[in-house]
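Dumped final-v6.tsv below, it's TSV, C-alpha atoms and all ligand atoms:
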```
chain	number	residue	atom	x	y	z
A	192	MET	CA	-5.09	-18.96	3.03
A	193	ARG	CA	-1.90	-18.67	4.97
A	194	ASP	CA	-2.07	-16.87	8.27
A	195	LEU	CA	0.91	-14.90	9.51
A	196	ARG	CA	0.48	-16.38	12.94
A	197	ASP	CA	1.12	-19.84	11.51
A	198	PHE	CA	4.78	-19.35	10.97
A	199	HIS	CA	5.82	-17.59	14.10
A	200	THR	CA	8.20	-19.28	16.41
A	201	ALA	CA	8.61	-19.18	20.15
A	202	MET	CA	11.61	-16.93	19.56
A	203	ARG	CA	9.43	-14.28	17.96
A	204	LEU	CA	6.97	-14.53	20.81
A	205	GLY	CA	9.94	-13.82	23.03
A	206	VAL	CA	10.50	-10.60	21.06
A	207	LEU	CA	6.88	-9.65	21.69
A	208	VAL	CA	7.29	-10.17	25.42
A	209	MET	CA	10.42	-8.00	25.34
A	210	PHE	CA	8.52	-5.34	23.39
A	211	VAL	CA	5.72	-5.24	25.96
A	212	GLY	CA	8.36	-4.94	28.67
A	213	LEU	CA	10.03	-2.07	26.83
A	214	LEU	CA	6.71	-0.33	26.27
A	215	SER	CA	6.01	-0.41	29.98
A	216	ALA	CA	9.52	0.82	30.65
A	217	CYS	CA	8.78	3.90	28.55
A	218	GLY	CA	6.64	5.22	31.36
A	219	ASN	CA	8.36	7.34	33.96
A	220	THR	CA	7.32	8.60	37.35
A	221	THR	CA	7.72	12.32	37.84
A	222	ASP	CA	9.30	13.81	40.98
A	223	GLU	CA	7.29	14.30	44.18
A	224	GLY	CA	5.28	11.17	43.52
A	225	GLN	CA	3.13	12.74	40.83
A	226	ALA	CA	1.13	10.40	38.63
A	227	ALA	CA	3.17	8.35	36.20
A	228	THR	CA	3.40	9.84	32.74
A	229	GLU	CA	3.70	7.35	29.93
A	230	THR	CA	5.47	8.23	26.71
A	231	TYR	CA	4.61	6.42	23.49
A	232	LEU	CA	6.64	5.66	20.41
A	233	ILE	CA	4.96	4.90	17.11
A	234	LYS	CA	7.42	3.24	14.75
A	235	PHE	CA	6.12	3.52	11.20
A	236	PRO	CA	8.20	1.95	8.43
A	237	HIS	CA	7.13	2.05	4.79
A	238	VAL	CA	8.62	1.31	1.40
A	239	THR	CA	8.12	4.38	-0.77
A	240	ALA	CA	10.20	7.56	-1.05
A	241	PRO	CA	9.47	10.60	1.18
A	242	GLY	CA	8.11	12.59	-1.79
A	243	THR	CA	5.41	10.06	-2.75
A	244	PRO	CA	1.79	10.40	-1.61
A	245	LYS	CA	2.42	7.91	1.19
A	246	GLY	CA	5.75	9.48	2.20
A	247	ARG	CA	4.20	12.94	2.47
A	248	THR	CA	1.06	11.79	4.25
A	249	ALA	CA	3.07	9.81	6.80
A	250	GLN	CA	5.20	12.88	7.49
A	251	ARG	CA	2.06	15.00	7.90
A	252	PHE	CA	0.66	12.44	10.34
A	253	LYS	CA	3.87	12.61	12.38
A	254	GLU	CA	3.77	16.42	12.54
A	255	LEU	CA	0.10	16.51	13.54
A	256	THR	CA	0.49	13.83	16.21
A	257	GLU	CA	3.63	15.26	17.78
A	258	ALA	CA	2.15	18.77	17.82
A	259	ARG	CA	-0.91	17.42	19.60
A	260	PHE	CA	1.06	15.45	22.20
A	261	PRO	CA	4.40	17.22	22.68
A	262	GLY	CA	6.79	14.99	24.61
A	263	ARG	CA	4.15	12.28	25.05
A	264	VAL	CA	3.97	10.70	21.62
A	265	ALA	CA	6.84	10.38	19.15
A	266	VAL	CA	6.37	9.09	15.61
A	267	GLU	CA	9.40	7.65	13.82
A	268	ILE	CA	8.95	7.31	10.07
A	269	TYR	CA	11.29	4.99	8.15
A	270	PRO	CA	10.68	5.50	4.39
A	271	SER	CA	12.14	3.76	1.31
A	272	SER	CA	12.29	0.22	2.82
A	273	GLN	CA	15.17	1.40	5.04
A	274	LEU	CA	13.87	-0.53	8.06
A	275	MET	CA	12.06	-3.45	6.39
A	276	ASN	CA	10.04	-4.45	3.36
A	277	ASP	CA	6.24	-4.73	3.38
A	278	ASP	CA	6.09	-8.47	4.03
A	279	ASP	CA	8.29	-8.07	7.09
A	280	SER	CA	6.30	-5.09	8.30
A	281	LEU	CA	3.06	-7.12	8.21
A	282	GLU	CA	4.68	-9.67	10.44
A	283	ALA	CA	6.30	-7.06	12.69
A	284	LEU	CA	3.01	-5.22	13.20
A	285	ALA	CA	1.08	-8.38	14.02
A	286	PHE	CA	3.67	-9.08	16.71
A	287	GLY	CA	3.81	-5.55	18.06
A	288	GLU	CA	7.42	-4.86	17.08
A	289	ILE	CA	6.26	-1.78	15.19
A	290	GLN	CA	3.11	0.21	15.81
A	291	MET	CA	1.85	1.47	12.46
A	292	ILE	CA	1.96	0.53	8.79
A	293	ALA	CA	0.57	1.76	5.49
A	294	VAL	CA	0.94	-1.29	3.26
A	295	SER	CA	-0.48	-1.65	-0.23
A	296	LEU	CA	-3.91	-3.31	-0.12
A	297	SER	CA	-2.64	-5.85	-2.66
A	298	LYS	CA	-0.12	-7.17	-0.18
A	299	PHE	CA	-2.71	-8.26	2.40
A	300	ASP	CA	-3.69	-11.08	0.07
A	301	ARG	CA	-2.39	-13.80	2.36
A	302	LEU	CA	-4.49	-12.44	5.24
A	303	THR	CA	-7.79	-11.69	3.57
A	304	GLN	CA	-9.44	-12.05	0.22
A	305	ALA	CA	-11.66	-9.05	0.91
A	306	PHE	CA	-9.09	-6.55	-0.39
A	307	GLN	CA	-8.80	-8.38	-3.71
A	308	ILE	CA	-11.47	-6.01	-4.97
A	309	PHE	CA	-8.88	-3.22	-5.16
A	310	ASP	CA	-6.80	-5.26	-7.61
A	311	LEU	CA	-9.54	-6.07	-10.11
A	312	PRO	CA	-8.35	-4.60	-13.41
A	313	PHE	CA	-10.31	-1.61	-14.73
A	314	LEU	CA	-12.81	-1.70	-11.84
A	315	PHE	CA	-12.07	1.81	-10.60
A	316	PRO	CA	-11.61	4.45	-13.31
A	317	ASP	CA	-9.97	7.00	-10.99
A	318	LEU	CA	-9.17	7.93	-7.38
A	319	VAL	CA	-12.44	9.80	-6.92
A	320	THR	CA	-14.38	6.57	-7.52
A	321	VAL	CA	-12.09	4.56	-5.25
A	322	GLU	CA	-12.61	7.12	-2.52
A	323	GLU	CA	-16.36	6.94	-2.91
A	324	PHE	CA	-16.23	3.17	-2.51
A	325	GLN	CA	-13.89	3.36	0.49
A	326	ALA	CA	-16.21	5.86	2.20
A	327	SER	CA	-19.30	3.68	1.62
A	328	PRO	CA	-20.50	1.15	4.25
A	329	ALA	CA	-19.06	-1.69	2.12
A	330	GLY	CA	-15.69	0.10	2.03
A	331	GLN	CA	-15.65	1.09	5.72
A	332	ASP	CA	-16.37	-2.52	6.73
A	333	LEU	CA	-13.03	-3.44	5.20
A	334	LEU	CA	-11.18	-1.50	7.89
A	335	ASN	CA	-12.15	-4.20	10.38
A	336	VAL	CA	-11.85	-7.44	8.41
A	337	ILE	CA	-8.44	-8.44	9.76
A	338	THR	CA	-8.59	-7.14	13.32
A	339	ASP	CA	-8.56	-10.73	14.58
A	340	LYS	CA	-5.30	-11.30	12.69
A	341	GLY	CA	-3.51	-8.40	14.37
A	342	PHE	CA	-4.41	-5.44	12.13
A	343	GLN	CA	-6.79	-2.67	13.13
A	344	GLY	CA	-7.47	-0.54	10.05
A	345	LEU	CA	-7.66	3.20	10.69
A	346	ALA	CA	-7.84	4.67	7.19
A	347	PHE	CA	-7.22	4.18	3.50
A	348	TRP	CA	-4.52	6.27	1.85
A	349	HIS	CA	-4.22	6.67	-1.90
A	350	ASN	CA	-1.20	6.35	-4.05
A	351	GLY	CA	-2.67	6.42	-7.54
A	352	MET	CA	-3.61	4.60	-10.71
A	353	LYS	CA	-1.20	2.05	-12.20
A	354	GLN	CA	0.60	2.20	-15.53
A	355	PHE	CA	2.55	-0.59	-17.23
A	356	SER	CA	6.20	-0.08	-18.14
A	357	GLY	CA	8.20	-2.34	-20.40
A	358	PRO	CA	10.99	-2.87	-22.91
A	359	ASN	CA	8.68	-2.27	-25.90
A	360	PRO	CA	5.59	-0.21	-26.56
A	361	LEU	CA	2.74	-2.37	-25.24
A	362	ARG	CA	-0.14	-1.02	-27.26
A	363	MET	CA	-2.16	-4.22	-27.28
A	364	PRO	CA	-2.35	-7.04	-24.71
A	365	GLU	CA	-0.67	-9.35	-27.25
A	366	ASP	CA	2.47	-7.20	-26.98
A	367	ALA	CA	2.84	-8.39	-23.39
A	368	ARG	CA	2.96	-12.06	-24.31
A	369	GLY	CA	5.95	-13.89	-22.84
A	370	LEU	CA	7.24	-10.89	-20.84
A	371	LYS	CA	8.21	-11.33	-17.20
A	372	PHE	CA	6.22	-8.84	-15.13
A	373	ARG	CA	7.04	-7.91	-11.57
A	374	ILE	CA	3.87	-7.75	-9.50
A	375	MET	CA	3.03	-7.15	-5.85
A	376	GLU	CA	2.09	-10.13	-3.64
A	377	SER	CA	-1.41	-10.61	-5.01
A	378	ASP	CA	-3.13	-13.54	-6.68
A	379	VAL	CA	-5.42	-11.17	-8.59
A	380	LEU	CA	-2.41	-9.40	-10.10
A	381	GLN	CA	-0.94	-12.78	-10.93
A	382	ALA	CA	-4.13	-13.73	-12.79
A	383	GLN	CA	-4.20	-10.34	-14.49
A	384	VAL	CA	-0.72	-10.80	-15.96
A	385	GLN	CA	-1.51	-14.39	-16.95
A	386	ALA	CA	-4.63	-13.13	-18.72
A	387	ILE	CA	-2.43	-11.11	-21.09
A	388	GLY	CA	0.02	-13.96	-21.62
A	389	GLY	CA	2.73	-12.58	-19.37
A	390	ASN	CA	4.78	-14.33	-16.73
A	391	PRO	CA	4.10	-12.80	-13.28
A	392	GLN	CA	6.83	-12.63	-10.62
A	393	LYS	CA	5.99	-11.51	-7.09
A	394	MET	CA	8.75	-9.30	-5.73
A	395	ALA	CA	9.34	-6.60	-3.08
A	396	LEU	CA	9.43	-3.01	-4.33
A	397	GLY	CA	13.02	-2.51	-3.19
A	398	GLU	CA	14.26	-5.26	-5.53
A	399	VAL	CA	12.52	-4.11	-8.69
A	400	TYR	CA	15.01	-1.55	-10.03
A	401	GLN	CA	17.88	-4.02	-10.06
A	402	ALA	CA	15.71	-6.79	-11.46
A	403	LEU	CA	14.72	-4.52	-14.36
A	404	GLN	CA	18.29	-3.35	-14.85
A	405	THR	CA	19.73	-6.87	-15.01
A	406	GLY	CA	16.88	-8.25	-17.11
A	407	ALA	CA	15.68	-10.64	-14.40
A	408	ILE	CA	12.28	-9.14	-15.20
A	409	ASP	CA	11.14	-7.30	-18.32
A	410	ALA	CA	8.23	-5.18	-17.20
A	411	GLN	CA	6.23	-3.96	-14.21
A	412	GLU	CA	3.13	-2.00	-13.23
A	413	ASN	CA	3.08	0.91	-10.85
A	414	THR	CA	1.91	4.45	-10.20
A	415	TRP	CA	3.64	7.47	-11.71
A	416	SER	CA	4.98	8.50	-8.31
A	417	ASN	CA	6.57	5.08	-7.74
A	418	ILE	CA	7.85	4.84	-11.32
A	419	TYR	CA	9.53	8.23	-10.86
A	420	SER	CA	10.78	7.96	-7.26
A	421	SER	CA	12.03	4.38	-7.69
A	422	LYS	CA	13.70	5.44	-10.97
A	423	PHE	CA	12.08	2.69	-13.03
A	424	TYR	CA	11.92	5.16	-15.94
A	425	GLU	CA	15.73	4.96	-16.16
A	426	VAL	CA	15.60	1.25	-16.99
A	427	GLN	CA	12.26	0.96	-18.78
A	428	PRO	CA	12.15	2.64	-22.21
A	429	TYR	CA	8.34	2.76	-22.38
A	430	VAL	CA	5.57	3.59	-19.94
A	431	MET	CA	2.03	2.85	-21.12
A	432	GLU	CA	-0.63	5.14	-19.70
A	433	THR	CA	-3.25	2.46	-19.02
A	434	ASN	CA	-4.64	3.51	-15.60
A	435	HIS	CA	-5.72	-0.13	-15.38
A	436	GLY	CA	-5.58	-0.52	-11.61
A	437	TYR	CA	-5.17	1.15	-8.25
A	438	ILE	CA	-2.52	1.29	-5.56
A	439	GLY	CA	-3.73	2.39	-2.15
A	440	TYR	CA	-2.90	1.53	1.43
A	441	LEU	CA	-4.48	0.24	4.58
A	442	VAL	CA	-3.17	2.31	7.47
A	443	ALA	CA	-3.21	-0.13	10.36
A	444	VAL	CA	-2.11	-0.48	13.96
A	445	ASN	CA	-1.73	-3.50	16.18
A	446	PRO	CA	-5.08	-3.82	18.06
A	447	THR	CA	-3.42	-4.68	21.37
A	448	PHE	CA	-1.17	-1.64	21.16
A	449	TRP	CA	-4.13	0.51	20.09
A	450	GLN	CA	-6.30	-0.59	23.01
A	451	SER	CA	-3.41	-0.09	25.44
A	452	LEU	CA	-3.28	3.64	24.66
A	453	PRO	CA	-5.02	6.04	27.06
A	454	ASP	CA	-8.33	7.27	25.62
A	455	ASP	CA	-7.10	10.82	24.99
A	456	ILE	CA	-4.08	9.63	23.04
A	457	ARG	CA	-6.00	7.03	21.07
A	458	SER	CA	-8.64	9.52	19.99
A	459	GLY	CA	-6.03	12.22	19.31
A	460	VAL	CA	-3.98	9.89	17.13
A	461	GLN	CA	-7.13	8.79	15.32
A	462	GLU	CA	-7.94	12.46	14.62
A	463	ALA	CA	-4.41	13.06	13.37
A	464	VAL	CA	-4.78	10.06	11.04
A	465	ALA	CA	-8.10	11.43	9.76
A	466	GLU	CA	-6.64	14.89	9.18
A	467	ALA	CA	-3.54	13.53	7.44
A	468	THR	CA	-5.71	11.22	5.33
A	469	ALA	CA	-7.88	14.05	4.05
A	470	TRP	CA	-4.80	16.18	3.37
A	471	GLY	CA	-2.84	13.41	1.62
A	472	ASN	CA	-5.65	11.88	-0.39
A	473	ALA	CA	-6.60	15.31	-1.73
A	474	GLN	CA	-3.17	15.73	-3.33
A	475	ALA	CA	-2.29	12.17	-4.36
A	476	GLU	CA	-3.45	12.67	-7.95
A	477	ALA	CA	-1.49	15.92	-8.33
A	478	ILE	CA	1.69	14.28	-6.96
A	479	ASN	CA	1.32	11.47	-9.50
A	480	GLN	CA	0.78	13.92	-12.35
A	481	GLN	CA	3.87	15.86	-11.27
A	482	ALA	CA	5.84	12.61	-11.32
A	483	ARG	CA	4.49	11.87	-14.80
A	484	GLY	CA	5.81	15.27	-15.88
A	485	HIS	CA	9.26	14.48	-14.47
A	486	VAL	CA	9.34	11.12	-16.30
A	487	GLU	CA	8.39	12.87	-19.54
A	488	GLU	CA	10.99	15.63	-19.07
A	489	SER	CA	13.71	13.07	-18.34
A	490	GLY	CA	13.60	11.84	-21.93
A	491	ARG	CA	14.67	8.42	-20.62
A	492	SER	CA	11.30	6.79	-21.08
A	493	GLU	CA	8.67	7.40	-23.74
A	494	ILE	CA	5.11	7.72	-22.53
A	495	ILE	CA	2.66	5.81	-24.72
A	496	GLU	CA	-0.91	7.06	-24.64
A	497	LEU	CA	-3.35	4.39	-25.77
A	498	THR	CA	-6.40	4.95	-27.96
A	499	ASP	CA	-9.85	4.07	-26.68
A	500	ASP	CA	-9.87	0.98	-28.91
A	501	GLU	CA	-6.52	-0.17	-27.57
A	502	LEU	CA	-7.71	0.32	-23.99
A	503	THR	CA	-10.85	-1.67	-24.77
A	504	SER	CA	-8.63	-4.57	-25.88
A	505	TRP	CA	-6.81	-4.54	-22.53
A	506	ARG	CA	-10.09	-4.37	-20.68
A	507	THR	CA	-11.47	-7.32	-22.66
A	508	ALA	CA	-8.34	-9.42	-22.20
A	509	MET	CA	-8.42	-8.91	-18.44
A	510	ALA	CA	-12.19	-9.26	-17.96
A	511	PRO	CA	-12.05	-12.99	-17.02
A	512	VAL	CA	-10.13	-12.03	-13.87
A	513	TRP	CA	-13.31	-10.54	-12.39
A	514	GLU	CA	-15.16	-13.85	-12.71
A	515	GLN	CA	-12.18	-15.77	-11.41
A	516	PHE	CA	-12.21	-13.83	-8.12
A	517	GLU	CA	-15.92	-13.11	-7.76
A	518	ALA	CA	-16.48	-15.91	-5.24
A	519	ASN	CA	-13.58	-14.69	-3.05
A	520	ILE	CA	-14.55	-11.05	-3.08
A	521	GLY	CA	-18.32	-11.35	-3.13
A	522	ALA	CA	-20.57	-10.40	-6.03
A	523	GLU	CA	-22.32	-7.77	-3.89
A	524	ARG	CA	-19.09	-5.98	-3.07
A	525	ILE	CA	-18.08	-5.94	-6.73
A	526	GLU	CA	-21.53	-4.68	-7.67
A	527	ALA	CA	-21.33	-1.94	-5.02
A	528	ALA	CA	-18.00	-0.77	-6.45
A	529	SER	CA	-18.77	-1.09	-10.15
A	530	SER	CA	-22.08	0.76	-9.88
A	531	LEU	CA	-20.41	3.93	-8.56
B	601	LIG	C1	3.79	0.96	-2.36
B	601	LIG	O1	3.39	1.87	-3.10
B	601	LIG	O2	3.83	1.04	-1.15
B	601	LIG	C2	4.29	-0.34	-2.91
B	601	LIG	C3	4.07	-0.51	-4.34
B	601	LIG	C4	4.82	-1.68	-4.89
B	601	LIG	O3	5.27	-2.58	-4.15
B	601	LIG	O4	4.97	-1.70	-6.11
```

Rewrite the structure from the file as structure tokens, please.
Amino acid sequence: MRDLRDFHTAMRLGVLVMFVGLLSACGNTTDEGQAATETYLIKFPHVTAPGTPKGRTAQRFKELTEARFPGRVAVEIYPSSQLMNDDDSLEALAFGEIQMIAVSLSKFDRLTQAFQIFDLPFLFPDLVTVEEFQASPAGQDLLNVITDKGFQGLAFWHNGMKQFSGPNPLRMPEDARGLKFRIMESDVLQAQVQAIGGNPQKMALGEVYQALQTGAIDAQENTWSNIYSSKFYEVQPYVMETNHGYIGYLVAVNPTFWQSLPDDIRSGVQEAVAEATAWGNAQAEAINQQARGHVEESGRSEIIELTDDELTSWRTAMAPVWEQFEANIGAERIEAASSL
């Protein structure tokens, strides 16, 4: 397992020192020698569009936090990969250059194998079941598994269930044979695509549209909200409604930054996260269904609904992936999730 800290240079440590200096400089002393009043900036980049479940929930978090601490805490949201991609944001958070992230659980693969459970194909039938698992003791433990690597988990946010899109109708797993599939940075997703005879290519979200357009890749998997907002439906003639996997996020902060906050701010921000989480997760499914409607109305992409028999074939083809990753994830954790 690679560790982000392995590849950092002295130069990047220099950036961290500068950041700490800047953070301290944010404090200002009021007139007449009153107690110093610190101001705090939470920089929060992410890769999806503002209208997606994550985009809306991040905006809600900003509004709640700033209303709670007017003039004391500012939250800057940078959507649509405009500041950095997810890989870079993992590194930037670990080194305190940004203060908050909501990165797909799949993309923590190089830091922990514990989140691989969220990528197991056909483990979770819907968001309600995912939420039940995340709220359970086994799920809540996952918030703390990478604290020592520079990531304090605060919450899980949903996007939605994944669908495949491709150049042909993929009714059966055999139809995927030989196709190049873009996947997120996850070894489970790599094994999943290999299990159906495809050729997996790990790639950042921001590069996918062009790769599909130019034919560098043939197919991909994503939620309805990402397929719509990233315009994949313009360059993929078919979307298969498979609901075969989940995309959700770990909302995380740098533990050093988090502990450096005064108690009232830390608990207030935590409450704002909890409120935004409940608000956002409650509407994630509806946002995805709206996006599905927009894809359908566009007429650019045909939506293929699979029969129960066809879905069973996909499930069977991908079943070996569970065994392949059981030792990494832990049989008990898989059992806890699959028995919900
Ligand atoms: C996300 O939803 O944040 C990323 C999904 C992807 O990279 O496909």

Exercise answer, 6 Å around ligand LIG 601 (chain B) with all atoms listed in the file, as a list in words: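 These are the residues that qualify: Val238, Thr239, Val294, Ser295, Met375, Ala395, Leu396 and Asn413 of chain A.
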
Those selected residues, please, written with C-alpha atoms and delivered as a PDB file, in the coordinates of the input.
```pdb
ATOM      1  CA  VAL A 238       8.620   1.310   1.400  1.00  0.00           C
ATOM      2  CA  THR A 239       8.120   4.380  -0.770  1.00  0.00           C
ATOM      3  CA  VAL A 294       0.940  -1.290   3.260  1.00  0.00           C
ATOM      4  CA  SER A 295      -0.480  -1.650  -0.230  1.00  0.00           C
ATOM      5  CA  MET A 375       3.030  -7.150  -5.850  1.00  0.00           C
ATOM      6  CA  ALA A 395       9.340  -6.600  -3.080  1.00  0.00           C
ATOM      7  CA  LEU A 396       9.430  -3.010  -4.330  1.00  0.00           C
ATOM      8  CA  ASN A 413       3.080   0.910 -10.850  1.00  0.00           C
TER       9      ASN A 413
END
```

Length of the CA of Tyr424 (chain A) to CA of Phe315 (chain A) vector [Å]: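 If I compute the distance from CA of Tyr424 (chain A) to CA of Phe315 (chain A), I get 24.8 Å.
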
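For the pair CA of Pro358 (chain A) and CA of Tyr429 (chain A), the interatomic distance is 6.2 Å.
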
Please, which residues are within 7 Å of (-10.7, -9.2, -8.5) by the file's coordinates, counting all atoms listed in the file, and could they come as a VMD selection string? chain A and resid 307 to 308 310 to 311 379 512 to 513 516 to 517 520

Which residues are close to Asp499 (chain A), i.e. within 12 Å by only C-alpha atoms, leaving aside same-chain residues fewer than 6 positions away? Reply as a ChimeraX atom specification. /A:362-363,432-433,505-506

How many Å lie between CA of Ala407 (chain A) and CA of Ile478 (chain A), rounded to one decimal?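 Taking CA of Ala407 (chain A) as the start and CA of Ile478 (chain A) as the end point, the length is 29.5 Å.
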
Considering only C-alpha atoms, can you say which of A:Ala386, A:Gly287, A:Gln250, A:Phe342 comes closest to Thr507 (chain A)?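 For Thr507 (chain A), the nearest of the candidates is A:Ala386.
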
Identify which of the residues A:Ser420, A:Gln304, A:Gly344, A:Ala293 lies closest to Pro241 (chain A), counting only C-alpha atoms when measuring atom-to-atom distances. A:Ser420
